[in-house]
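Here the structure comes first, spelled out in C-alpha cells, and everything after it is commentary.
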Amino acid sequence: MSEQRPEEQDRDREKDQMPQEEPDPTRTPAPEPEPEPDAAPESHAGPEPHAAPESDAEPESDAEPKSVPGREEHEPQREAVPAPAPAPRGRRLRRLLRGRPGAAVVGAVVGALLAGGTAAWRAGELPFMSRDMCWGSLSADTVDRLVTNGDIRSAELSLRTAGDIGGSSTECRVQRWEDDELKWEISAQVRRLEQFNGRGAREWTRQFLSPAMVPLGGDTPGMVSPSRAWVALPESCTGGGGHDDPPTVVSLSSGSLDSFEEDPDKAREYRAAMADAVIELTNGVLAEKGCQGRFPQPDELARLPERRPLDEHGAEELCGLKGTRLPALLKGSGDDSKATRATTDVSGPAHSCEYGRNFDLDATRFTTIENPNLAGFVIPLAYSSPVRFRGDGFGGVFGDMSVYIATCQTGPVAFLVQQERVGGKREPMVELLPAYVSAEAERIGCGKVKVTGPEPAL
C-alpha cells in the first residue's frame with residue numbers, strides 16, 4: 001500500500017466528519033423548534049414578588065438559544081409538571097387583583113379588615129364582601145334592624161377563651177357614625193359571671209334583671225328589654241359542673257336602660273329586634289364553639305312593663321305580694337310621690353319590681369332569681385359578708401345590696417334587695433329583706449322561709 005501524503009490525510013479526515021446520509025425528497029421537513037419562554041429558576045418559596053401583569057398572549061423570549069439538530073437525544077427528557085391545585089381564597093383574590101389599577105389600595109383595605117376583626121359599610125347597603133358581624137353571628141339584615149342610617153362599623157375580640165374554664169369575657173361592638181361622630185353603639189359580650197364580686201353582681205343584676213326585662217319564652221334561659229338582652233349558655237357547652245359554677249351569658253346592650261320609655265311603639269319594635277338578635281348571636285357562639293343544640297327564635301313577648309302610680313298598683317302591698325304592707329319610706333308624698341314598675345311575666349329565670357321617682361337614681365329594687373344556675377353566681381356573696389342574715393337559709397349585706405339564699409324544690413333561689421341611693425339612717429336593703437323573702441318564697445312554691453337578722457358574722 002502506498003503511503004499517503006499529509007494533505008490527503010487531512011482531506012480524508014474531513015470527509016469522515018461530514019454526515020453520510022443523503023436527503024430524501026419524499027420526506028417532509030421537520031418544523032423548526034419554537035423558542036421556549038424564559039425558564040425561572042425552580043423555587044419552593046412561591047411566586048416572585050414582582051411578577052409581571054398577566055395577559056392573554058404568552059410573551060416571546062430569546063433568553064434560551066434554539067435547539068440544535070442532534071442535541072435532543074443527549075438531553076434528559078423533562079417530566080410533565082402537574083397543574084397546580086386551586087389557590088386558597090385569599091391567594092385567589094391577590095391573583096385577581098394583581099396588575100389591576102388600584103389593586104394595592106383595595107388589597108390593603110381587605111387585608112386590614114380581615115386581619116383586624118373589623119368591618120364597615122353604610123346602613124341599608126350590603127358590605128362589599130359578605131361577612132356576618134360579631135364572630136360570624138349577626139347578619140347584615142339583623143344589624144340593619146338595630147342600627148339604621150350612617151356608617152356602620154364593627155370590631156371584635158377573639159372568642160377563643162370566653163366562657164371556658166378560666167376564661168373571662170370577650171366583646172364585639174357595632175357602631176353608627178355620622179360625620180366622624182359616634183351616634184349609637186351596641187355592645188355584644190360573652191362572659192362568665194364573676195363570683196365573689198359584689199360590685200359586679202350588683203351592676204349586672206341592675207342592668208339585666210331589671211323590671212323592664214321579660215322572659216324570651218319557652219325553655220330559653222334568657223330575658224329581653226328594649227335596651228338589654230341575654231341568654232345563658234348550656235353547661236354542656238361551657239364546662240360548668242353544677243349550681244356552684246357561675247353561668248356564661250351572651251348579652252346585648254344598647255343605649256340607656258330606659259332608652260325608649262317615652263315611645264311604647266318604638267320600644268316594642270326595638271325589643272323584638274333585640275330578642276331576635278340575641279338568639280342569633282347565641283346560636284352563632286354555640287356554632288363557633290362547636291356546641292350542640294340551638295335556641296329557637298322567640299315567640300310573642302309579654303307586654304311592656306309600665307311605670308304606674310302607687311294608688312293604681314297594690315299601693316298597700318310590697319310588690320303586690322299578699323300579706324305584706326308597703327313601708328312608708330317607699331311611698332313618698334306630694335312632689336316626692338313615687339311610682340312602681342314590675343316584670344309583667346314572672347314565669348322566667350328572674351323577675352323584679354322597683355319603687356322610686358327616678359328609677360335610675362333612687363329606686364328600691366326587689367329581685368328573685370329562680371333559675372338555679374343563674375342564682376349560683378351570687379351564692380358566695382350570701383356567706384362572705386360581714387353582716388349576716390340567718391334562719392331557714394343564709395344571706396348577707398354588701399353596701400347597698402342584700403342577698404338571701406333559700407333552697408326550694410328546683411334548687412337554690414336567690415332574693416335580692418337593692419337601693420340606688422342610700423341616705424340618712426334608713427337602709428331599705430336591710431329593713432325590707434325579711435318581709436320580701438318570706439312572702440316571695442311562699443308565692444313561688446318554696447313554702448314558708450323564716451329569715452332572722454341581720455347580725456354580725458361570727
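Residues in the C-alpha cells are numbered from 1 in each chain, the chains being A, B, ... in the order shown, and ligands are numbered from 1 in the order shown.
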
* Would you mind writing down, as number ranges by chain, each residue of segment 204-374 of chain A that DSSP on the backbone assigns to alpha helix (DSSP H)? => A: 204-208, 235-238, 264-288, 359-362, 372-374

* Structure fact -> Of A:Thr220, A:Asp263, A:Phe359, A:Thr340, the one sitting nearest Arg294 of chain A when using only C-alpha atoms is A:Thr220

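One distance worth recording is that between atom CA of Ala414 of chain A and atom CA of Val190 of chain A, which is 22.8 Å.
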
* Write out as a PyMOL selection string the residues lying within 9 Å of Asp299 of chain A, counting only C-alpha atoms and excluding same-chain residues fewer than 6 positions away. => chain A and resi 216-218

Could you write out the selected residues, including all heavy atoms, as an mmCIF file, in the first residue's frame?
```
data_model
loop_
_atom_site.group_PDB
_atom_site.id
_atom_site.type_symbol
_atom_site.label_atom_id
_atom_site.label_comp_id
_atom_site.auth_asym_id
_atom_site.auth_seq_id
_atom_site.Cartn_x
_atom_site.Cartn_y
_atom_site.Cartn_z
ATOM 1 N N LEU A 216 -87.637 35.396 77.413
ATOM 2 C CA LEU A 216 -87.642 35.117 75.976
ATOM 3 C C LEU A 216 -88.621 34.008 75.619
ATOM 4 O O LEU A 216 -88.924 33.802 74.444
ATOM 5 C CB LEU A 216 -86.233 34.735 75.510
ATOM 6 C CG LEU A 216 -85.246 35.899 75.428
ATOM 7 C CD1 LEU A 216 -83.823 35.383 75.249
ATOM 8 C CD2 LEU A 216 -85.612 36.847 74.300
ATOM 9 N N GLY A 217 -89.098 33.308 76.620
ATOM 10 C CA GLY A 217 -90.134 32.308 76.389
ATOM 11 C C GLY A 217 -89.598 30.908 76.185
ATOM 12 O O GLY A 217 -88.414 30.704 75.897
ATOM 13 N N GLY A 218 -90.502 29.928 76.353
ATOM 14 C CA GLY A 218 -90.126 28.536 76.191
ATOM 15 C C GLY A 218 -89.094 28.114 77.218
ATOM 16 O O GLY A 218 -89.129 28.524 78.376
#
```

* To do: Could you check which of A:Ala439, A:Asn371, A:Gly393, A:Leu159 is closest to Thr452 of chain A, using only C-alpha atoms?
  =>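 Nearest to Thr452 of chain A: A:Gly393.
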
* For Asp180 of chain A, work out the shell of residues within 10 Å, counting only C-alpha atoms and skipping chain neighbours fewer than 4 positions away, then give it as a VMD selection string. => chain A and resid 150 to 151 176

Would you save the residues from that selection as a JSON list (two decimals), in the first residue's frame, using N, CA, C and O atoms?
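And here is the file that came out, part_2.json:
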```
[["chain", "number", "residue", "atom", "x", "y", "z"],
["A", 150, "GLY", "N", -76.32, 56.22, 58.53],
["A", 150, "GLY", "CA", -74.92, 56.47, 58.84],
["A", 150, "GLY", "C", -74.01, 55.33, 58.43],
["A", 150, "GLY", "O", -74.42, 54.36, 57.78],
["A", 151, "ASP", "N", -72.76, 55.45, 58.82],
["A", 151, "ASP", "CA", -71.74, 54.44, 58.53],
["A", 151, "ASP", "C", -71.71, 53.43, 59.68],
["A", 151, "ASP", "O", -71.60, 53.81, 60.84],
["A", 176, "ARG", "N", -72.66, 53.17, 64.96],
["A", 176, "ARG", "CA", -73.15, 54.04, 63.88],
["A", 176, "ARG", "C", -72.45, 55.39, 63.99],
["A", 176, "ARG", "O", -72.51, 56.04, 65.02]]
```

* Figure out the distance between atom CA of Met274 of chain A and atom CA of Leu209 of chain A, please, to one decimal in Å. =>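 Interatomic distance here is 15.4 Å.
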
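The coordinates place atom CA of Glu185 of chain A at 11.1 Å from atom CA of Ser227 of chain A.
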
* as a PyMOL selection string, list the residues of segment 240-302 of chain A assigned to strand (DSSP E) by DSSP on the backbone atoms of this structure. => chain A and resi 248-254

Deliver the residues from the most recent selection as a file, using all heavy atoms, as a compact mmCIF listing (two decimals), in the first residue's frame.
```
# COMPACT_ATOMS: atom_id res chain seq x y z
N THR A 248 -72.19 31.21 82.01
CA THR A 248 -71.63 32.05 80.95
C THR A 248 -72.80 32.59 80.14
O THR A 248 -73.66 31.82 79.69
CB THR A 248 -70.70 31.24 80.04
OG1 THR A 248 -69.58 30.80 80.81
CG2 THR A 248 -70.19 32.09 78.88
N VAL A 249 -72.87 33.90 79.97
CA VAL A 249 -74.01 34.52 79.31
C VAL A 249 -73.56 35.27 78.06
O VAL A 249 -72.46 35.81 78.00
CB VAL A 249 -74.77 35.49 80.26
CG1 VAL A 249 -75.37 34.73 81.42
CG2 VAL A 249 -73.85 36.59 80.75
N VAL A 250 -74.44 35.26 77.07
CA VAL A 250 -74.28 36.08 75.87
C VAL A 250 -75.24 37.25 76.02
O VAL A 250 -76.44 37.04 76.25
CB VAL A 250 -74.60 35.27 74.60
CG1 VAL A 250 -74.47 36.13 73.36
CG2 VAL A 250 -73.70 34.05 74.50
N SER A 251 -74.76 38.47 75.92
CA SER A 251 -75.60 39.62 76.20
C SER A 251 -75.46 40.69 75.13
O SER A 251 -74.44 40.79 74.44
CB SER A 251 -75.27 40.22 77.57
OG SER A 251 -73.94 40.72 77.58
N LEU A 252 -76.52 41.52 75.02
CA LEU A 252 -76.54 42.68 74.14
C LEU A 252 -76.94 43.90 74.96
O LEU A 252 -77.88 43.83 75.77
CB LEU A 252 -77.54 42.50 73.00
CG LEU A 252 -77.14 41.62 71.81
CD1 LEU A 252 -78.33 41.50 70.85
CD2 LEU A 252 -75.94 42.19 71.09
N SER A 253 -76.26 45.02 74.74
CA SER A 253 -76.60 46.29 75.41
C SER A 253 -76.68 47.39 74.36
O SER A 253 -75.82 47.46 73.48
CB SER A 253 -75.53 46.66 76.45
OG SER A 253 -75.37 45.64 77.41
N SER A 254 -77.71 48.22 74.48
CA SER A 254 -77.90 49.29 73.51
C SER A 254 -78.53 50.50 74.18
O SER A 254 -79.69 50.45 74.60
CB SER A 254 -78.80 48.80 72.36
OG SER A 254 -79.05 49.83 71.43
```

* Which neighbours of Asp362 of chain A fall inside 7 Å, counting only C-alpha atoms, when residues of the same chain fewer than 3 positions from it are skipped, and could you give them as a list in words? ->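 Non-adjacent residues within range: Gly356, Arg357, Asn358, Phe359, Glu420 and Arg421 of chain A.
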
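Of the listed residues A:Met213, A:Ala363, A:Ala435, A:Val449, the one whose atoms come nearest to Lys338 of chain A is A:Ala363, with distances taken using only C-alpha atoms.
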
* Could you pull the residues within 9 Å of Glu354 of chain A, counting only C-alpha atoms, minus those fewer than 3 positions along the same chain, as a PyMOL selection string? -> chain A and resi 210-211+319+339-342+359+363-367

* Asked: What lies within 9 Å of Met133 of chain A using only C-alpha atoms, ignoring chain neighbours under 3 positions off, as a VMD selection string?
  -> chain A and resid 118 to 119 136 to 140 143 154 to 156 172 174

* **Which residue of A:Tyr436, A:Arg228, A:Gln207, A:Glu306 approaches Gly323 of chain A most closely, using only C-alpha atoms** => A:Tyr436

* Looking at A:Pro456, A:Gly255, A:Pro412, A:Pro215, which one is nearest to Asn373 of chain A, with distances taken over only C-alpha atoms? -> A:Pro412
